[in-house]
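Q: Dropping in start_30.txt, with compact mmCIF, C-alpha atoms.
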# COMPACT_ATOMS: atom_id res chain seq x y z
CA MET A 1 58.73 50.39 -18.48
CA GLY A 2 59.09 50.68 -22.28
CA THR A 3 57.52 53.44 -24.34
CA ALA A 4 55.35 50.96 -26.25
CA THR A 5 53.93 49.63 -22.97
CA THR A 6 53.32 53.18 -21.73
CA THR A 7 51.49 54.08 -24.92
CA ARG A 8 49.34 50.96 -24.74
CA GLN A 9 48.32 51.90 -21.18
CA TRP A 10 47.55 55.46 -22.34
CA LEU A 11 45.31 54.11 -25.09
CA ARG A 12 43.53 51.60 -22.91
CA GLY A 13 42.84 54.32 -20.34
CA ARG A 14 40.89 56.10 -23.05
CA GLY A 15 38.86 53.11 -24.09
CA ILE A 16 40.99 52.34 -27.15
CA GLY A 17 41.95 48.70 -27.56
CA VAL A 18 45.52 47.87 -28.51
CA GLY A 19 46.26 44.44 -29.92
CA SER A 20 47.13 42.83 -33.21
CA GLU A 21 45.22 45.53 -35.07
CA TRP A 22 47.63 48.26 -33.90
CA ARG A 23 51.27 48.89 -34.75
CA LEU A 24 53.38 51.23 -32.63
CA ASN A 25 56.30 52.73 -34.52
CA LYS A 26 58.94 55.07 -33.17
CA GLY A 27 59.30 58.36 -34.94
CA ILE A 28 56.67 61.08 -35.12
CA SER A 29 53.88 62.05 -32.70
CA VAL A 30 50.37 61.72 -34.10
CA SER A 31 46.96 62.89 -33.00
CA ARG A 32 44.24 60.67 -31.52
CA ARG A 33 40.90 62.13 -30.39
CA ARG A 34 42.22 65.58 -31.19
CA CYS A 35 44.84 65.26 -28.39
CA TRP A 36 48.58 64.96 -28.96
CA CYS A 37 50.27 61.90 -27.59
CA SER A 38 53.29 63.00 -25.52
CA SER A 39 55.19 59.80 -26.28
CA PRO A 40 57.48 59.97 -29.36
CA LEU A 41 55.63 57.12 -31.02
CA THR A 42 53.67 56.97 -34.23
CA LEU A 43 50.32 55.22 -33.99
CA VAL A 44 49.53 53.47 -37.28
CA VAL A 45 46.00 52.16 -37.60
CA SER A 46 45.76 49.16 -39.88
CA SER A 47 42.23 48.44 -38.73
CA MET A 48 40.14 50.70 -36.49
CA PRO A 49 38.68 49.36 -33.23
CA TYR A 50 35.09 48.21 -33.76
CA HIS A 51 35.54 48.44 -37.54
CA LYS A 52 33.64 45.18 -38.11
CA GLU A 53 30.89 46.26 -35.75
CA LEU A 54 30.61 49.65 -37.45
CA ALA A 55 30.34 48.10 -40.90
CA ALA A 56 27.60 45.76 -39.68
CA ALA A 57 25.76 48.58 -37.87
CA ASN A 58 25.85 50.88 -40.90
CA LYS A 59 24.52 48.08 -43.10
CA ALA A 60 21.76 47.19 -40.64
CA ALA A 61 20.62 50.78 -40.10
CA THR A 62 20.66 51.55 -43.83
CA LEU A 63 18.51 48.52 -44.67
CA ALA A 64 16.14 49.35 -41.80
CA ALA A 65 15.84 52.90 -43.14
CA ARG A 66 14.98 51.50 -46.56
CA LEU A 67 12.15 49.47 -45.05
CA CYS A 68 10.88 52.45 -43.06
CA GLN A 69 10.92 54.71 -46.12
CA LYS A 70 8.74 52.24 -47.99
CA VAL A 71 6.26 52.02 -45.12
CA GLN A 72 6.19 55.79 -44.58
CA LYS A 73 5.45 56.39 -48.24
CA ALA A 74 2.46 54.04 -48.04
CA LEU A 75 1.40 55.57 -44.72
CA LEU A 76 1.28 59.09 -46.11
CA GLN A 77 -0.93 57.87 -48.93
CA SER A 78 -3.39 56.32 -46.45
CA ASP A 79 -5.66 57.60 -43.71
CA VAL A 80 -3.84 55.85 -40.86
CA HIS A 81 -2.49 58.32 -38.33
CA SER A 82 -1.98 56.37 -35.12
CA LYS A 83 0.25 53.73 -33.59
CA SER A 84 -2.45 51.10 -33.17
CA ASP A 85 -1.47 47.43 -33.21
CA LYS A 86 -2.20 46.97 -36.92
CA SER A 87 -0.97 50.32 -38.14
CA PRO A 88 1.88 50.79 -40.62
CA VAL A 89 3.87 52.46 -37.83
CA THR A 90 3.84 49.21 -35.87
CA VAL A 91 4.77 47.24 -38.97
CA ALA A 92 7.77 49.51 -39.53
CA ASP A 93 8.81 49.35 -35.86
CA TYR A 94 8.85 45.56 -35.84
CA GLY A 95 10.31 45.28 -39.33
CA SER A 96 13.14 47.67 -38.53
CA GLN A 97 14.00 45.79 -35.34
CA ALA A 98 13.88 42.41 -37.07
CA LEU A 99 16.19 43.62 -39.85
CA VAL A 100 18.75 45.20 -37.55
CA SER A 101 18.79 42.16 -35.25
CA TYR A 102 19.13 39.73 -38.16
CA ILE A 103 21.91 41.68 -39.90
CA LEU A 104 23.98 42.21 -36.75
CA GLU A 105 23.81 38.57 -35.73
CA ARG A 106 24.59 37.42 -39.27
CA GLU A 107 27.49 39.82 -39.86
CA LEU A 108 29.10 39.24 -36.45
CA PRO A 109 28.76 35.47 -35.91
CA SER A 110 31.74 35.18 -33.57
CA GLU A 111 30.43 37.76 -31.09
CA PRO A 112 28.03 36.95 -28.21
CA PHE A 113 24.85 38.73 -29.31
CA SER A 114 22.93 40.94 -26.90
CA LEU A 115 20.37 43.53 -28.04
CA VAL A 116 18.47 46.02 -25.90
CA ALA A 117 15.51 47.20 -27.97
CA GLU A 118 12.06 48.70 -27.68
CA GLU A 119 9.83 45.99 -29.14
CA ASP A 120 8.96 42.35 -28.37
CA SER A 121 6.87 39.91 -30.37
CA GLY A 122 4.13 39.21 -27.82
CA ASP A 123 1.29 40.82 -29.77
CA LEU A 124 2.47 39.31 -33.06
CA ARG A 125 2.22 35.79 -31.65
CA LYS A 126 -1.50 36.22 -30.93
CA GLU A 127 -4.12 35.18 -33.44
CA SER A 128 -5.02 38.83 -33.94
CA GLY A 129 -1.42 39.61 -34.92
CA GLN A 130 -0.96 37.06 -37.69
CA ASP A 131 -1.83 39.39 -40.57
CA THR A 132 0.57 42.00 -39.21
CA LEU A 133 3.30 39.38 -38.80
CA LYS A 134 2.82 38.26 -42.38
CA ARG A 135 3.15 41.85 -43.62
CA ILE A 136 6.29 42.39 -41.54
CA THR A 137 7.87 39.20 -42.86
CA GLU A 138 7.14 40.20 -46.45
CA LEU A 139 8.65 43.66 -45.92
CA VAL A 140 11.77 42.26 -44.27
CA ASN A 141 12.33 39.79 -47.10
CA ASP A 142 11.65 42.41 -49.77
CA THR A 143 14.20 44.72 -48.14
CA LEU A 144 16.83 41.99 -47.88
CA ALA A 145 16.25 41.12 -51.54
CA SER A 146 16.72 44.77 -52.52
CA GLU A 147 20.24 44.70 -51.04
CA GLY A 148 21.30 43.05 -54.28
CA SER A 149 23.91 40.57 -53.10
CA ASN A 150 21.68 37.48 -53.34
CA SER A 151 23.32 36.27 -50.15
CA PHE A 152 20.20 36.37 -47.98
CA SER A 153 17.84 33.43 -47.64
CA THR A 154 14.11 34.07 -47.30
CA LEU A 155 13.12 34.39 -43.64
CA THR A 156 10.14 32.55 -42.19
CA THR A 157 7.70 34.16 -39.77
CA ASP A 158 9.32 32.19 -36.93
CA GLU A 159 12.74 33.55 -37.87
CA VAL A 160 11.36 37.10 -37.92
CA LEU A 161 9.80 36.58 -34.47
CA ARG A 162 13.10 35.26 -33.16
CA ALA A 163 14.97 38.26 -34.57
CA ILE A 164 12.54 40.65 -32.89
CA ASP A 165 12.83 38.84 -29.56
CA ASN A 166 16.62 39.09 -29.63
CA GLY A 167 15.94 42.57 -28.27
CA LYS A 168 14.98 41.36 -24.79
CA SER A 169 18.39 41.97 -23.22
CA GLU A 170 18.51 44.21 -20.15
CA GLY A 171 21.94 45.67 -20.97
CA GLY A 172 24.17 46.60 -18.03
CA SER A 173 27.81 47.19 -17.19
CA VAL A 174 29.25 43.81 -18.21
CA GLY A 175 30.04 42.73 -21.76
CA ARG A 176 28.75 44.12 -25.05
CA HIS A 177 25.18 45.14 -25.72
CA TRP A 178 23.67 46.62 -28.85
CA VAL A 179 21.04 49.31 -28.14
CA LEU A 180 18.31 49.99 -30.70
CA ASP A 181 15.39 52.30 -31.22
CA PRO A 182 13.94 50.86 -34.46
CA ILE A 183 11.96 54.04 -35.14
CA ASP A 184 12.90 56.95 -32.92
CA GLY A 185 10.29 59.66 -33.41
CA THR A 186 7.16 57.73 -34.34
CA LYS A 187 5.00 60.86 -34.36
CA GLY A 188 7.36 62.47 -36.84
CA PHE A 189 7.23 59.27 -38.86
CA VAL A 190 3.42 59.48 -39.01
CA ARG A 191 3.49 63.15 -40.04
CA GLY A 192 6.06 62.51 -42.75
CA ASP A 193 8.69 64.47 -40.83
CA GLN A 194 11.89 63.49 -39.02
CA TYR A 195 12.61 60.09 -37.50
CA ALA A 196 15.72 57.98 -37.03
CA ILE A 197 16.90 54.42 -36.77
CA ALA A 198 19.20 54.75 -33.76
CA LEU A 199 21.72 52.01 -33.06
CA GLY A 200 24.48 52.07 -30.45
CA LEU A 201 26.94 49.62 -28.94
CA LEU A 202 27.80 49.47 -25.24
CA HIS A 203 31.05 47.93 -24.03
CA GLU A 204 31.36 47.53 -20.26
CA GLY A 205 28.61 50.13 -19.81
CA LYS A 206 30.19 52.76 -22.10
CA VAL A 207 28.88 53.78 -25.53
CA VAL A 208 31.63 52.93 -28.01
CA LEU A 209 29.75 53.12 -31.32
CA GLY A 210 26.70 54.90 -32.66
CA VAL A 211 24.81 55.03 -35.94
CA LEU A 212 21.89 57.33 -36.80
CA ALA A 213 20.01 56.73 -40.04
CA CYS A 214 17.84 59.81 -40.67
CA PRO A 215 15.87 59.21 -43.90
CA ASN A 216 14.20 62.64 -44.05
CA LEU A 217 17.02 64.87 -42.82
CA PRO A 218 18.42 67.09 -45.59
CA LEU A 219 22.05 66.60 -46.52
CA ALA A 220 22.43 70.38 -46.41
CA SER A 221 22.35 72.25 -43.12
CA ILE A 222 19.01 73.14 -41.55
CA GLY A 223 18.88 76.57 -39.93
CA HIS A 224 16.68 78.21 -37.34
CA ASN A 225 14.56 79.81 -40.04
CA GLN A 226 13.77 76.65 -41.97
CA GLN A 227 12.81 73.11 -41.08
CA HIS A 228 13.75 71.78 -44.48
CA SER A 229 16.60 72.74 -46.78
CA SER A 230 15.86 74.11 -50.22
CA SER A 231 17.88 71.16 -51.51
CA ASN A 232 15.86 68.15 -52.59
CA GLU A 233 18.50 65.76 -51.28
CA VAL A 234 17.49 64.08 -48.04
CA GLY A 235 18.64 61.01 -46.13
CA CYS A 236 21.68 61.12 -43.83
CA LEU A 237 23.72 58.45 -42.10
CA PHE A 238 25.74 59.61 -39.09
CA PHE A 239 28.19 57.29 -37.39
CA ALA A 240 30.96 57.35 -34.81
CA THR A 241 33.23 55.04 -32.86
CA VAL A 242 35.04 56.02 -29.69
CA GLY A 243 38.20 57.97 -30.37
CA ASP A 244 37.77 58.14 -34.13
CA GLY A 245 35.51 61.16 -34.70
CA ALA A 246 32.03 61.44 -36.17
CA TYR A 247 31.08 61.20 -39.83
CA MET A 248 28.13 61.73 -42.15
CA GLN A 249 27.25 60.38 -45.55
CA ALA A 250 24.15 60.13 -47.67
CA LEU A 251 22.00 57.08 -47.04
CA ASN A 252 22.60 56.10 -50.66
CA GLY A 253 26.26 55.61 -49.84
CA SER A 254 28.08 58.76 -50.97
CA THR A 255 31.56 59.68 -49.71
CA GLN A 256 31.70 60.20 -45.96
CA THR A 257 32.69 63.56 -44.47
CA ARG A 258 33.86 64.25 -40.96
CA VAL A 259 31.50 66.43 -38.92
CA HIS A 260 32.13 68.86 -36.07
CA VAL A 261 29.88 70.75 -33.70
CA THR A 262 29.71 74.51 -34.12
CA ALA A 263 32.52 76.64 -32.70
CA ILE A 264 30.12 79.42 -31.59
CA ASP A 265 31.08 80.80 -28.18
CA ASN A 266 28.57 83.65 -27.89
CA PRO A 267 25.21 82.39 -26.54
CA GLU A 268 23.38 85.24 -28.30
CA GLU A 269 24.46 83.79 -31.65
CA ALA A 270 23.42 80.26 -30.75
CA SER A 271 20.34 78.44 -31.93
CA PHE A 272 18.85 75.47 -30.18
CA PHE A 273 16.98 72.28 -30.90
CA GLU A 274 14.16 70.80 -28.88
CA SER A 275 11.51 68.13 -29.31
CA PHE A 276 8.74 68.88 -31.78
CA GLU A 277 6.12 67.52 -29.38
CA ALA A 278 5.51 69.58 -26.24
CA ALA A 279 4.48 66.34 -24.53
CA HIS A 280 8.07 65.08 -24.91
CA SER A 281 9.86 68.07 -23.40
CA SER A 282 9.00 71.28 -21.57
CA HIS A 283 9.06 74.05 -24.15
CA ASP A 284 8.43 76.66 -21.43
CA LEU A 285 11.55 75.65 -19.53
CA SER A 286 13.63 75.65 -22.72
CA SER A 287 12.32 79.12 -23.52
CA SER A 288 13.32 80.37 -20.06
CA ILE A 289 16.84 78.97 -20.47
CA ALA A 290 17.19 80.51 -23.93
CA GLU A 291 16.09 83.87 -22.56
CA LYS A 292 18.69 83.75 -19.79
CA LEU A 293 21.38 82.93 -22.35
CA GLY A 294 20.26 85.78 -24.60
CA VAL A 295 19.50 83.45 -27.50
CA LYS A 296 17.71 85.46 -30.18
CA ALA A 297 16.84 82.75 -32.69
CA PRO A 298 13.61 80.78 -32.25
CA PRO A 299 13.97 77.06 -31.46
CA VAL A 300 14.26 74.46 -34.17
CA ARG A 301 11.76 71.76 -33.25
CA ILE A 302 12.28 68.38 -34.87
CA ASP A 303 11.54 64.82 -33.84
CA SER A 304 13.93 62.04 -32.85
CA GLN A 305 17.68 61.76 -32.52
CA ALA A 306 17.96 63.50 -35.87
CA LYS A 307 18.56 66.48 -33.54
CA TYR A 308 21.82 64.89 -32.40
CA GLY A 309 22.87 64.36 -36.00
CA ALA A 310 22.05 67.92 -37.02
CA LEU A 311 23.86 69.33 -33.99
CA SER A 312 26.93 67.17 -34.65
CA ARG A 313 27.45 68.89 -38.02
CA GLY A 314 26.93 72.38 -36.59
CA ASP A 315 23.35 73.09 -37.69
CA GLY A 316 22.59 74.39 -34.20
CA ALA A 317 24.53 74.93 -31.00
CA ILE A 318 22.31 73.60 -28.19
CA TYR A 319 19.87 70.73 -27.65
CA LEU A 320 17.59 70.89 -24.61
CA ARG A 321 15.41 68.01 -23.41
CA PHE A 322 13.37 68.31 -20.23
CA PRO A 323 10.81 65.50 -19.99
CA HIS A 324 7.76 65.99 -17.84
CA LYS A 325 7.64 64.67 -14.28
CA GLY A 326 7.45 60.90 -13.98
CA TYR A 327 9.08 60.10 -17.32
CA ARG A 328 12.24 57.96 -17.27
CA GLU A 329 14.65 58.28 -20.15
CA LYS A 330 15.49 55.06 -22.03
CA ILE A 331 19.04 54.29 -23.11
CA TRP A 332 17.97 53.72 -26.74
CA ASP A 333 16.74 57.31 -26.94
CA HIS A 334 20.26 58.71 -26.44
CA ALA A 335 23.00 56.07 -26.84
CA ALA A 336 23.67 56.50 -30.56
CA GLY A 337 23.13 60.25 -30.63
CA SER A 338 25.32 60.94 -27.63
CA ILE A 339 28.46 59.37 -29.10
CA VAL A 340 27.89 61.00 -32.50
CA VAL A 341 27.86 64.42 -30.81
CA SER A 342 30.70 63.72 -28.37
CA GLU A 343 32.94 62.42 -31.17
CA ALA A 344 32.07 65.57 -33.13
CA GLY A 345 33.53 67.60 -30.26
CA GLY A 346 30.37 68.25 -28.25
CA ILE A 347 29.32 67.52 -24.68
CA VAL A 348 26.25 65.53 -23.62
CA SER A 349 25.25 65.64 -19.96
CA ASP A 350 22.28 65.74 -17.62
CA ALA A 351 20.99 69.08 -16.40
CA ALA A 352 23.48 69.06 -13.52
CA GLY A 353 26.45 68.52 -15.82
CA ASN A 354 26.92 64.82 -15.06
CA PRO A 355 27.83 62.42 -17.90
CA LEU A 356 25.03 60.07 -18.97
CA ASP A 357 25.37 56.62 -17.40
CA PHE A 358 24.35 53.83 -19.78
CA SER A 359 25.51 51.01 -17.49
CA LYS A 360 22.38 50.66 -15.32
CA GLY A 361 20.11 48.73 -17.68
CA LYS A 362 17.33 50.03 -19.91
CA PHE A 363 16.85 53.35 -18.14
CA LEU A 364 18.91 56.51 -17.74
CA ASP A 365 18.66 58.16 -14.35
CA VAL A 366 19.33 61.82 -15.07
CA ALA A 367 18.99 65.01 -13.08
CA SER A 368 15.95 66.87 -14.49
CA GLY A 369 16.88 66.66 -18.16
CA ILE A 370 19.55 66.32 -20.84
CA ILE A 371 21.57 69.15 -22.36
CA VAL A 372 23.92 69.09 -25.34
CA THR A 373 26.26 71.77 -26.65
CA ASN A 374 29.90 72.53 -27.43
CA GLN A 375 32.65 72.93 -24.86
CA LYS A 376 32.69 76.72 -25.06
CA LEU A 377 28.99 77.20 -24.36
CA MET A 378 28.55 74.50 -21.70
CA PRO A 379 29.53 76.62 -18.63
CA SER A 380 27.04 79.39 -19.44
CA LEU A 381 24.39 76.83 -20.42
CA LEU A 382 24.73 74.98 -17.11
CA LYS A 383 24.41 78.28 -15.24
CA ALA A 384 21.24 79.21 -17.15
CA VAL A 385 19.76 75.73 -16.65
CA LYS A 386 20.39 75.85 -12.91
CA GLU A 387 18.77 79.29 -12.61
CA ALA A 388 15.74 78.26 -14.66
CA LEU A 389 15.22 75.04 -12.70
CA ASN A 390 15.49 76.90 -9.40
CA GLU A 391 12.91 79.45 -10.54
CA LYS A 392 10.59 76.68 -11.65
CA ALA A 393 10.94 74.89 -8.31
CA SER A 394 10.26 78.06 -6.31
CA SER A 395 7.12 78.79 -8.30
CA LEU A 396 5.51 75.42 -7.51
Could you spell out this file's structure in structure tokens?
A:
Amino acid sequence: MGTATTTRQWLRGRGIGVGSEWRLNKGISVSRRRCWCSSPLTLVVSSMPYHKELAAANKAATLAARLCQKVQKALLQSDVHSKSDKSPVTVADYGSQALVSYILERELPSEPFSLVAEEDSGDLRKESGQDTLKRITELVNDTLASEGSNSFSTLTTDEVLRAIDNGKSEGGSVGRHWVLDPIDGTKGFVRGDQYAIALGLLHEGKVVLGVLACPNLPLASIGHNQQHSSSNEVGCLFFATVGDGAYMQALNGSTQTRVHVTAIDNPEEASFFESFEAAHSSHDLSSSIAEKLGVKAPPVRIDSQAKYGALSRGDGAIYLRFPHKGYREKIWDHAAGSIVVSEAGGIVSDAAGNPLDFSKGKFLDVASGIIVTNQKLMPSLLKAVKEALNEKASSL
């Protein structure tokens, strides 16, 4: 068997496609996924895997963030503070989903299009939803017009409804499926705090691409002693494709920088993220785990998958999520964030240390909760989680 064939098998075994986009040249060993290829072959990338999909996803998430920013600004100037059917939060949810769906399908016309998303248009098709639908359609068209290329035609209400309903896919282990949370962290959105447009791509049940648009996350690091940086610059776009690392840039399109999780190996020096809302995750259990690890810093509580983005660039060392009994995790709540962190060198698993399985449809079946950290801290974190869960079970 030739060395080129061997290398192609090595790449495919790691989820990296090898075809006309790759050239294998003899000569010097090069690094892929931070591991050295033992074969004496140079891997020259003329076009990264999923490069077209990533460009479309970044464009879609950025435009959706622009729409959400406009709605949030109006929301904070109003007295609306709920997710009722006619609220601005609902308008932003639907508008974000319609935009992402429309852009992906338009930018990738040769690909079979499947989208697993949170919303459907049922309520908008009712008589009572017509005013809301009109507002959504206006916002979508205004956002497309703001893109500046003059290449978008004005969408009708029927076209907006169709774009929303593209999100009815069930996902699964066969083929490609986009996974979207159009506004992850709606309570943070209402408060004027953190939220994210979270978009991932599954290929044969594996997450191969993720984009997190975080309009309110500071470009500078956030520490355990501050929720917001002293810098006025906010708005981050995180993105990753399998095998190619994780990156961050400003939502306004500044130069991208590669991000890495923290290298901290002493649990006492670690800080951890958890959900802002106690209803979303057990703060008591997280506190018990932190105590067992010897963590001294108080938790950083922020909404949405912005936590994944912040952790991927080393703002904190640990993310703990322990939903209350009866709650089932959805794949759109973790798909994008999980690959951003894993490509930044981190580990995402359930509370028993098992990898997350995105191949089973809309839901994630996880053991007790989800934990995220770097490779050095994971053994001690798993030990602390196991002890805390056992104590909780024995006290019931």
Q: Could you give me, as a tab-separated table, every range 163-261 of chain A residue with an atom at most 6 Å from range 355-373 of chain A, plus its closest atom pair and distance in Å to one decimal, counting only C-alpha atoms, rows ordered by chain then number?
A:
residue	atom	partner	partner_atom	distance
A:Glu170	CA	A:Gly361	CA	5.4
A:Gly171	CA	A:Gly361	CA	4.9
A:Gly172	CA	A:Gly361	CA	4.6
A:Ser173	CA	A:Ser359	CA	4.5
A:Gly205	CA	A:Ser359	CA	4.0
Q: If we count only C-alpha atoms, what is near Val160 in chain A at a cut-off of 9 Å, once residues fewer than 4 positions away on the same chain are taken out, given as a list in words?
A: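 Selected residues are Gly95, Ala98, Leu99, Tyr102, Leu133, Ile136, Thr137, Val140, Leu155, Thr156, Ile164 and Asp165 of chain A.
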Q: Taking (20.5, 61.4, -46.8) in the file's coordinates as the center, which residues reach within 10 Å of it, counting only C-alpha atoms, put as a VMD selection string?
A: chain A and resid 213 to 220 233 to 238 248 to 254
Q: Next, the residues of the selection above should be written as a PDB file, in the frame of the given file with C-alpha atoms.
A:
ATOM      1  CA  ALA A 213      20.010  56.730 -40.040  1.00  0.00           C
ATOM      2  CA  CYS A 214      17.840  59.810 -40.670  1.00  0.00           C
ATOM      3  CA  PRO A 215      15.870  59.210 -43.900  1.00  0.00           C
ATOM      4  CA  ASN A 216      14.200  62.640 -44.050  1.00  0.00           C
ATOM      5  CA  LEU A 217      17.020  64.870 -42.820  1.00  0.00           C
ATOM      6  CA  PRO A 218      18.420  67.090 -45.590  1.00  0.00           C
ATOM      7  CA  LEU A 219      22.050  66.600 -46.520  1.00  0.00           C
ATOM      8  CA  ALA A 220      22.430  70.380 -46.410  1.00  0.00           C
ATOM      9  CA  GLU A 233      18.500  65.760 -51.280  1.00  0.00           C
ATOM     10  CA  VAL A 234      17.490  64.080 -48.040  1.00  0.00           C
ATOM     11  CA  GLY A 235      18.640  61.010 -46.130  1.00  0.00           C
ATOM     12  CA  CYS A 236      21.680  61.120 -43.830  1.00  0.00           C
ATOM     13  CA  LEU A 237      23.720  58.450 -42.100  1.00  0.00           C
ATOM     14  CA  PHE A 238      25.740  59.610 -39.090  1.00  0.00           C
ATOM     15  CA  MET A 248      28.130  61.730 -42.150  1.00  0.00           C
ATOM     16  CA  GLN A 249      27.250  60.380 -45.550  1.00  0.00           C
ATOM     17  CA  ALA A 250      24.150  60.130 -47.670  1.00  0.00           C
ATOM     18  CA  LEU A 251      22.000  57.080 -47.040  1.00  0.00           C
ATOM     19  CA  ASN A 252      22.600  56.100 -50.660  1.00  0.00           C
ATOM     20  CA  GLY A 253      26.260  55.610 -49.840  1.00  0.00           C
ATOM     21  CA  SER A 254      28.080  58.760 -50.970  1.00  0.00           C
TER      22      SER A 254
END
Q: Using all atoms listed in the file, which of A:Ala344, A:Ala74, A:Leu144, A:Leu63 sits nearest Thr262 in chain A?
A: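 Nearest to Thr262 in chain A: A:Ala344.
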Q: What's the 6 Å shell around Ser275 in chain A, counting only C-alpha atoms, without same-chain residues fewer than 4 positions away, as number ranges by chain?
A: A: 301-303
Q: What lies within 9 Å of Val295 in chain A using all atoms listed in the file, ignoring chain neighbours under 2 positions off, as number ranges by chain?
A: A: 267-272, 289-293, 297-298
Q: Select, from A:Gly294, A:Pro379, A:Gly345, A:Gly337, the residue with the minimum atom-to-atom distance to Ile197 in chain A, counting all atoms listed in the file.
A: A:Gly337
Q: In the coordinate frame of the file, compute which residues have an atom within 12 Å of (7.0, 50.1, -43.7) when using all atoms listed in the file, and state them as a ChimeraX atom specification.
A: /A:63-76,86-97,99,132,135-140,142-143,182-183,189-190
Q: Counting only C-alpha atoms, figure out which residue out of A:Leu311, A:Ala61, A:Leu285, A:Leu389 gets nearest to Glu343 in chain A.
A: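 Of the candidates, the smallest distance to Glu343 in chain A is held by A:Leu311.
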Q: Quick one: pull the distance between CA of Ser151 in chain A and CA of Leu209 in chain A, Å, one decimal.
A: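 If I compute the distance from CA of Ser151 in chain A to CA of Leu209 in chain A, I get 26.1 Å.
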Q: Ranking A:Ala306, A:Ala246, A:Ala263, A:Leu212 by minimum distance to Gly185 in chain A and counting only C-alpha atoms, which one comes first?
A: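 Among A:Ala306, A:Ala246, A:Ala263, A:Leu212, it is A:Ala306 that comes nearest to Gly185 in chain A.
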Q: Can you measure CA of Val100 in chain A to CA of His260 in chain A for me? One decimal in Å is fine.
A: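 Computing the Euclidean distance for CA of Val100 in chain A and CA of His260 in chain A yields 27.2 Å.
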Q: In Å, rounded to a single decimal, give me how far CA of Trp332 in chain A is from CA of Glu159 in chain A.
A: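 Separation of CA of Glu159 in chain A and CA of Trp332 in chain A: 23.6 Å.
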Q: Take every atom of range 314-323 of chain A listed in the file, fit an axis-aligned box around them, add 5 Å per side, and give the centre and edge lengths in Å to one decimal as lines of an AutoDock Vina configuration file.
A:
center_x = 18.9
center_y = 70.2
center_z = -28.8
size_x = 26.1
size_y = 19.4
size_z = 27.7
